[in-house]
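Q: Submitted below is the structure of interest, expressed as structure tokens.
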Number of protein chains: 2
Amino acid sequence: MKSLHNYFNRYTSVLISDQEFEYIFSHFTFKKIKRKQFLLSQGEVFSHFSFLLKGAMRKYFVDDKGKEHVVNLYIENWWPGDRESFVLGTPSAYNIVALEDCELLMISKENTTKLCRECPVFAKVLLKLDEKSNIASQKRIVSNISSSAKDRYEELLENYPEFLQRFPQHHIASYLGITKDTLSRIRKQLLKE
Amino acid sequence: MKSLHNYFNRYTSVLISDQEFEYIFSHFTFKKIKRKQFLLSQGEVFSHFSFLLKGAMRKYFVDDKGKEHVVNLYIENWWPGDRESFVLGTPSAYNIVALEDCELLMISKENTTKLCRECPVFAKVLLKLDEKSNIASQKRIVSNISSSAKDRYEELLENYPEFLQRFPQHHIASYLGITKDTLSRIRKQLLKE
DNA sequence: CGATTCTTTGAAAACAGTCAATCTGTGTGG
DNA sequence: CCACACAGATTGACTGTTTTCAAAGAATCG
């Protein structure tokens, strides 16, 4: 699969030779998940890294009032997962479900640590992923604490315009921390402008 | 300084021998910052890791309407900084200012990469820091999108009870994404219960 | 003591959530 | 090809939460 190799080269600025990549790649397994099926269910330990080759997923949890909250939306070239469960080995509080038929590359925690030992570039790639993830999280936090619902939606349109084509509005609304009704009204208002 | 060595051993579960630590430590420099002085000003590139030995700081930015928003609050054993500016070498959007007289250990980006090459445990420690930071960010995002102002404040009381003693309410309010007025009213309401 | 910073409060307005009803489009099975 | 079900989007009326602004009160520091 060229997809992952391209991703490593392009998004992590860590150059990996074909040989090295082939060795790394041999530790991944291919997995298909059909629409509406779960990659992770609340309460399970999720001890894999997974790279989304094709499809779309959402990560969410159910609060004590029975309401769903979308924590992440994933499309091609993203890494669905739960870092906390992976790192600490604790049961996950989240569900990850396929919104379209999906194809994934998975690598177990054992193979991850093995590869990190054997293959410094791979360790470097993981470091880069964490860096990128940290930077993105920081931006989302800043947006949440400082912007209105309308501004947050407009920021999402700028940063991830694909999301609108791939995800229904009520999931996007939940991801932004607002209700579908409010998002609908915001869109109406933006049309008038 | 034992403080940093203890931190590495305790919080990253990476054991470091005294010799190793001494070598690592030799790459840090000691820095004092007086109350109200800045560790970082908007527009500067911040290419250091810094470990807070003593004191308290806040990271904030000023939006287009001239309003301040507190992005992070730091006390002893935290790492004030801007990961994005460090990683990408871009000018920071944030200010970091001392709220009390502070003492810090600083390490430059050059020394960081040098140490990562020479000293695998140090690389491991940085990886752990990023992991921890990712997990914490995730929790904050979840809190922001799914909890009311009151619940967010109660979560903060649980997770960081020290903050109340160290930071004025209006900074805590801003950190939570609410106004000082609202926080004041929430506290009043909680007293009645 | 005076200056500054921090906190509280009231009243009005802006904002977002709730609930229920309706409207839209899509696809499936008969 | 139609009828129907289903998921998604919109809307109105209402409720609740949070912000705004201005003013006053409390605490802290030099």
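Residue numbers start at 1 in each chain; chains themselves are named A, B, ... in the order of the structure tokens; ligands are numbered from 1 in the order shown.
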Can you work out which residues from chain B touch chain A at a cut-off of 7 Å (counting only C-alpha atoms) and hand them back as a VMD selection string?
A: chain B and resid 69 71 83 to 84 127 130 to 131 134 to 135 137 141 to 142 144 to 146 176 to 177
Q: Enumerate, as a PyMOL selection string, the complete set of residues in stretch 4-137 of chain A that a backbone-based DSSP assignment places in alpha helix (DSSP H).
A: chain A and resi 4-12+18-25+83-88+109-118+120-137
Q: Output N, CA and C atoms for every residue in that selection, as a compact mmCIF listing (two decimals), in the first residue's frame.
A:
```
# COMPACT_ATOMS: atom_id res chain seq x y z
N LEU A 4 0.17 4.64 2.84
CA LEU A 4 0.80 4.89 4.13
C LEU A 4 2.21 5.44 3.94
N HIS A 5 2.94 4.89 2.96
CA HIS A 5 4.30 5.38 2.69
C HIS A 5 4.25 6.85 2.29
N ASN A 6 3.33 7.18 1.40
CA ASN A 6 3.16 8.58 1.02
C ASN A 6 2.87 9.45 2.23
N TYR A 7 1.99 8.94 3.06
CA TYR A 7 1.62 9.71 4.25
C TYR A 7 2.84 9.99 5.11
N PHE A 8 3.62 8.95 5.37
CA PHE A 8 4.82 9.13 6.20
C PHE A 8 5.74 10.18 5.59
N ASN A 9 5.99 10.07 4.30
CA ASN A 9 6.91 11.01 3.66
C ASN A 9 6.36 12.43 3.66
N ARG A 10 5.07 12.54 3.38
CA ARG A 10 4.52 13.87 3.19
C ARG A 10 4.21 14.58 4.51
N TYR A 11 3.60 13.84 5.45
CA TYR A 11 3.08 14.51 6.63
C TYR A 11 3.99 14.48 7.84
N THR A 12 5.03 13.67 7.80
CA THR A 12 5.88 13.63 8.98
C THR A 12 7.29 14.14 8.69
N ASP A 18 12.47 2.54 0.61
CA ASP A 18 11.51 1.50 0.25
C ASP A 18 11.70 0.24 1.09
N GLN A 19 12.97 -0.11 1.31
CA GLN A 19 13.26 -1.30 2.13
C GLN A 19 12.73 -1.14 3.54
N GLU A 20 13.12 -0.02 4.15
CA GLU A 20 12.66 0.26 5.50
C GLU A 20 11.14 0.21 5.58
N PHE A 21 10.52 0.88 4.61
CA PHE A 21 9.06 0.92 4.67
C PHE A 21 8.47 -0.48 4.55
N GLU A 22 9.05 -1.27 3.67
CA GLU A 22 8.52 -2.61 3.49
C GLU A 22 8.57 -3.38 4.80
N TYR A 23 9.67 -3.22 5.51
CA TYR A 23 9.79 -3.89 6.81
C TYR A 23 8.74 -3.38 7.80
N ILE A 24 8.62 -2.07 7.85
CA ILE A 24 7.61 -1.47 8.74
C ILE A 24 6.22 -1.99 8.35
N PHE A 25 5.96 -1.94 7.05
CA PHE A 25 4.63 -2.30 6.56
C PHE A 25 4.26 -3.75 6.90
N ARG A 83 -5.85 7.33 22.22
CA ARG A 83 -4.48 7.38 22.72
C ARG A 83 -4.41 6.97 24.18
N GLU A 84 -5.39 7.39 24.96
CA GLU A 84 -5.36 7.09 26.39
C GLU A 84 -5.43 5.58 26.64
N SER A 85 -6.37 4.93 25.98
CA SER A 85 -6.51 3.49 26.15
C SER A 85 -5.26 2.78 25.67
N PHE A 86 -4.71 3.23 24.56
CA PHE A 86 -3.49 2.62 24.01
C PHE A 86 -2.33 2.76 24.99
N VAL A 87 -2.11 3.96 25.47
CA VAL A 87 -0.94 4.23 26.32
C VAL A 87 -1.09 3.59 27.70
N LEU A 88 -2.25 3.78 28.31
CA LEU A 88 -2.42 3.32 29.69
C LEU A 88 -2.98 1.90 29.80
N LYS A 109 0.08 -2.89 19.65
CA LYS A 109 0.99 -2.20 20.57
C LYS A 109 2.33 -2.94 20.64
N GLU A 110 2.26 -4.28 20.66
CA GLU A 110 3.50 -5.06 20.71
C GLU A 110 4.38 -4.74 19.51
N ASN A 111 3.78 -4.80 18.34
CA ASN A 111 4.55 -4.51 17.13
C ASN A 111 5.02 -3.07 17.09
N THR A 112 4.22 -2.18 17.67
CA THR A 112 4.63 -0.78 17.70
C THR A 112 5.91 -0.61 18.51
N THR A 113 5.93 -1.19 19.71
CA THR A 113 7.13 -1.04 20.54
C THR A 113 8.31 -1.78 19.91
N LYS A 114 8.02 -2.94 19.32
CA LYS A 114 9.10 -3.69 18.65
C LYS A 114 9.71 -2.83 17.53
N LEU A 115 8.86 -2.27 16.71
CA LEU A 115 9.34 -1.45 15.60
C LEU A 115 10.10 -0.23 16.09
N CYS A 116 9.62 0.36 17.18
CA CYS A 116 10.30 1.54 17.72
C CYS A 116 11.73 1.20 18.12
N ARG A 117 11.90 0.01 18.69
CA ARG A 117 13.24 -0.44 19.07
C ARG A 117 14.10 -0.66 17.83
N GLU A 118 13.55 -1.38 16.86
CA GLU A 118 14.35 -1.84 15.72
C GLU A 118 14.59 -0.76 14.69
N PRO A 120 14.53 3.27 14.11
CA PRO A 120 14.45 4.63 14.65
C PRO A 120 13.54 5.56 13.85
N VAL A 121 13.50 5.37 12.53
CA VAL A 121 12.63 6.26 11.74
C VAL A 121 11.17 6.08 12.13
N PHE A 122 10.81 4.86 12.47
CA PHE A 122 9.41 4.62 12.86
C PHE A 122 9.09 5.34 14.17
N ALA A 123 10.04 5.26 15.11
CA ALA A 123 9.86 5.99 16.37
C ALA A 123 9.70 7.48 16.09
N LYS A 124 10.49 7.95 15.14
CA LYS A 124 10.43 9.37 14.77
C LYS A 124 9.06 9.73 14.21
N VAL A 125 8.53 8.84 13.39
CA VAL A 125 7.21 9.07 12.80
C VAL A 125 6.15 9.18 13.88
N LEU A 126 6.21 8.28 14.86
CA LEU A 126 5.22 8.33 15.94
C LEU A 126 5.34 9.63 16.72
N LEU A 127 6.56 10.06 16.95
CA LEU A 127 6.77 11.33 17.64
C LEU A 127 6.12 12.46 16.87
N LYS A 128 6.34 12.45 15.56
CA LYS A 128 5.75 13.49 14.71
C LYS A 128 4.22 13.46 14.78
N LEU A 129 3.66 12.27 14.80
CA LEU A 129 2.21 12.15 14.87
C LEU A 129 1.69 12.78 16.15
N ASP A 130 2.39 12.50 17.26
CA ASP A 130 1.97 13.07 18.53
C ASP A 130 2.11 14.60 18.52
N GLU A 131 3.18 15.07 17.92
CA GLU A 131 3.36 16.52 17.81
C GLU A 131 2.21 17.16 17.04
N LYS A 132 1.92 16.57 15.90
CA LYS A 132 0.84 17.11 15.06
C LYS A 132 -0.49 17.08 15.81
N SER A 133 -0.71 15.96 16.48
CA SER A 133 -1.95 15.81 17.22
C SER A 133 -2.07 16.85 18.33
N ASN A 134 -0.94 17.10 19.00
CA ASN A 134 -0.92 18.11 20.05
C ASN A 134 -1.25 19.49 19.51
N ILE A 135 -0.65 19.81 18.38
CA ILE A 135 -0.88 21.13 17.79
C ILE A 135 -2.35 21.29 17.39
N ALA A 136 -2.89 20.23 16.79
CA ALA A 136 -4.30 20.28 16.38
C ALA A 136 -5.23 20.40 17.59
N SER A 137 -4.92 19.64 18.64
CA SER A 137 -5.75 19.70 19.84
C SER A 137 -5.75 21.10 20.44
```
Q: Residues of chain B within 9 Å of chain C, using only C-alpha atoms (C1' of nucleotides), as a list in words?
A: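 Only these qualify: Pro168, Gln169, His170, Lys180, Asp181, Ser184 and Arg185 of chain B.
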Q: Determine which residues of stretch 26-183 of chain A receive a DSSP assignment of strand (DSSP E or B), computed from the backbone, and state them as a ChimeraX atom specification.
A: /A:29-33,38-40,48-54,57-62,68-74,95-98,102-108
Q: With N, CA and C atoms kept, could you save the residues just selected as a CSV table (one decimal), in the first residue's frame?
A:
```
chain,number,residue,atom,x,y,z
A,29,THR,N,-1.6,-5.0,9.6
A,29,THR,CA,-2.5,-5.9,9.0
A,29,THR,C,-3.6,-5.1,8.4
A,30,PHE,N,-4.2,-5.7,7.4
A,30,PHE,CA,-5.3,-5.0,6.6
A,30,PHE,C,-6.6,-5.4,7.2
A,31,LYS,N,-7.5,-4.4,7.3
A,31,LYS,CA,-8.8,-4.7,7.9
A,31,LYS,C,-9.9,-3.9,7.2
A,32,LYS,N,-11.0,-4.6,7.0
A,32,LYS,CA,-12.2,-4.0,6.4
A,32,LYS,C,-13.3,-3.9,7.4
A,33,ILE,N,-14.0,-2.8,7.4
A,33,ILE,CA,-15.1,-2.6,8.3
A,33,ILE,C,-16.3,-2.1,7.6
A,38,PHE,N,-18.5,-1.4,14.3
A,38,PHE,CA,-17.6,-0.7,15.3
A,38,PHE,C,-16.2,-1.1,15.2
A,39,LEU,N,-15.3,-0.1,15.2
A,39,LEU,CA,-13.9,-0.4,15.3
A,39,LEU,C,-13.5,-0.5,16.8
A,40,LEU,N,-14.3,0.2,17.6
A,40,LEU,CA,-14.0,0.2,19.1
A,40,LEU,C,-15.4,0.4,19.8
A,48,HIS,N,-4.2,-0.6,19.5
A,48,HIS,CA,-3.7,-0.6,18.1
A,48,HIS,C,-3.6,0.8,17.7
A,49,PHE,N,-2.6,1.0,16.8
A,49,PHE,CA,-2.7,2.2,15.9
A,49,PHE,C,-3.4,1.8,14.7
A,50,SER,N,-4.3,2.7,14.2
A,50,SER,CA,-5.0,2.3,12.9
A,50,SER,C,-5.0,3.5,12.0
A,51,PHE,N,-4.7,3.2,10.8
A,51,PHE,CA,-4.6,4.2,9.7
A,51,PHE,C,-5.8,4.0,8.7
A,52,LEU,N,-6.5,5.0,8.5
A,52,LEU,CA,-7.7,4.9,7.7
A,52,LEU,C,-7.3,5.1,6.2
A,53,LEU,N,-7.4,4.0,5.4
A,53,LEU,CA,-7.1,4.1,4.0
A,53,LEU,C,-8.3,4.6,3.2
A,54,LYS,N,-9.5,4.2,3.6
A,54,LYS,CA,-10.7,4.5,2.8
A,54,LYS,C,-11.9,4.5,3.7
A,57,MET,N,-15.2,7.7,9.6
A,57,MET,CA,-15.6,7.2,10.9
A,57,MET,C,-15.9,8.3,11.8
A,58,ARG,N,-16.6,8.0,12.9
A,58,ARG,CA,-16.7,8.9,14.0
A,58,ARG,C,-16.5,8.3,15.3
A,59,LYS,N,-15.9,9.1,16.2
A,59,LYS,CA,-15.6,8.7,17.6
A,59,LYS,C,-16.6,9.4,18.5
A,60,TYR,N,-17.3,8.8,19.4
A,60,TYR,CA,-18.2,9.5,20.2
A,60,TYR,C,-18.3,8.7,21.6
A,61,PHE,N,-19.0,9.4,22.5
A,61,PHE,CA,-19.3,8.7,23.8
A,61,PHE,C,-20.7,9.1,24.2
A,62,VAL,N,-21.3,8.4,25.1
A,62,VAL,CA,-22.6,8.6,25.6
A,62,VAL,C,-22.6,9.1,27.0
A,68,GLU,N,-25.4,11.4,23.0
A,68,GLU,CA,-24.1,11.2,22.3
A,68,GLU,C,-23.4,12.5,22.0
A,69,HIS,N,-22.0,12.4,22.1
A,69,HIS,CA,-21.2,13.5,21.8
A,69,HIS,C,-20.1,13.1,20.9
A,70,VAL,N,-20.0,13.7,19.8
A,70,VAL,CA,-18.9,13.3,18.8
A,70,VAL,C,-17.6,14.0,19.2
A,71,VAL,N,-16.6,13.2,19.4
A,71,VAL,CA,-15.3,13.6,19.8
A,71,VAL,C,-14.4,13.9,18.7
A,72,ASN,N,-14.4,13.0,17.7
A,72,ASN,CA,-13.6,13.1,16.5
A,72,ASN,C,-14.3,12.6,15.2
A,73,LEU,N,-13.9,13.2,14.1
A,73,LEU,CA,-14.4,12.7,12.8
A,73,LEU,C,-13.2,12.3,12.0
A,74,TYR,N,-13.2,11.2,11.3
A,74,TYR,CA,-12.1,10.7,10.6
A,74,TYR,C,-12.4,10.5,9.1
A,95,ASN,N,-16.7,5.1,21.6
A,95,ASN,CA,-17.0,4.2,20.5
A,95,ASN,C,-16.5,4.8,19.2
A,96,ILE,N,-16.0,3.9,18.3
A,96,ILE,CA,-15.6,4.4,17.0
A,96,ILE,C,-16.4,3.5,16.0
A,97,VAL,N,-17.2,4.2,15.2
A,97,VAL,CA,-18.1,3.5,14.3
A,97,VAL,C,-17.8,3.9,12.8
A,98,ALA,N,-18.0,3.0,11.9
A,98,ALA,CA,-17.8,3.3,10.5
A,98,ALA,C,-19.1,4.0,9.9
A,102,CYS,N,-15.2,0.9,5.3
A,102,CYS,CA,-13.9,1.4,5.6
A,102,CYS,C,-12.8,0.3,5.3
A,103,GLU,N,-11.6,0.8,5.0
A,103,GLU,CA,-10.4,0.0,4.9
A,103,GLU,C,-9.3,0.6,5.8
A,104,LEU,N,-8.7,-0.3,6.6
A,104,LEU,CA,-7.7,0.2,7.6
A,104,LEU,C,-6.5,-0.6,7.6
A,105,LEU,N,-5.4,0.1,8.0
A,105,LEU,CA,-4.2,-0.6,8.4
A,105,LEU,C,-4.0,-0.6,9.9
A,106,MET,N,-3.8,-1.7,10.5
A,106,MET,CA,-3.7,-1.8,11.9
A,106,MET,C,-2.3,-2.3,12.4
A,107,ILE,N,-1.8,-1.8,13.5
A,107,ILE,CA,-0.6,-2.3,14.1
A,107,ILE,C,-0.8,-2.4,15.6
A,108,SER,N,-0.4,-3.6,16.1
A,108,SER,CA,-0.6,-3.8,17.5
A,108,SER,C,0.4,-3.0,18.4
```
Q: Select from chain D every residue with an atom at most 12 Å from any atom of chain B, then for each give the shortest pair of atoms and their distance in Å to one decimal, using only C-alpha atoms (C1' of nucleotides), rows by chain and rising number, as a tab-separated table.
A:
```
residue	atom	partner	partner_atom	distance
D:DG16	C1'	B:Ser148	CA	11.9
D:DT17	C1'	B:Ser148	CA	9.0
D:DT18	C1'	B:Thr182	CA	6.9
D:DT19	C1'	B:Thr179	CA	7.5
D:DT20	C1'	B:Asp181	CA	9.7
D:DC21	C1'	B:Asp181	CA	11.1
D:DA27	C1'	B:Pro168	CA	11.9
```
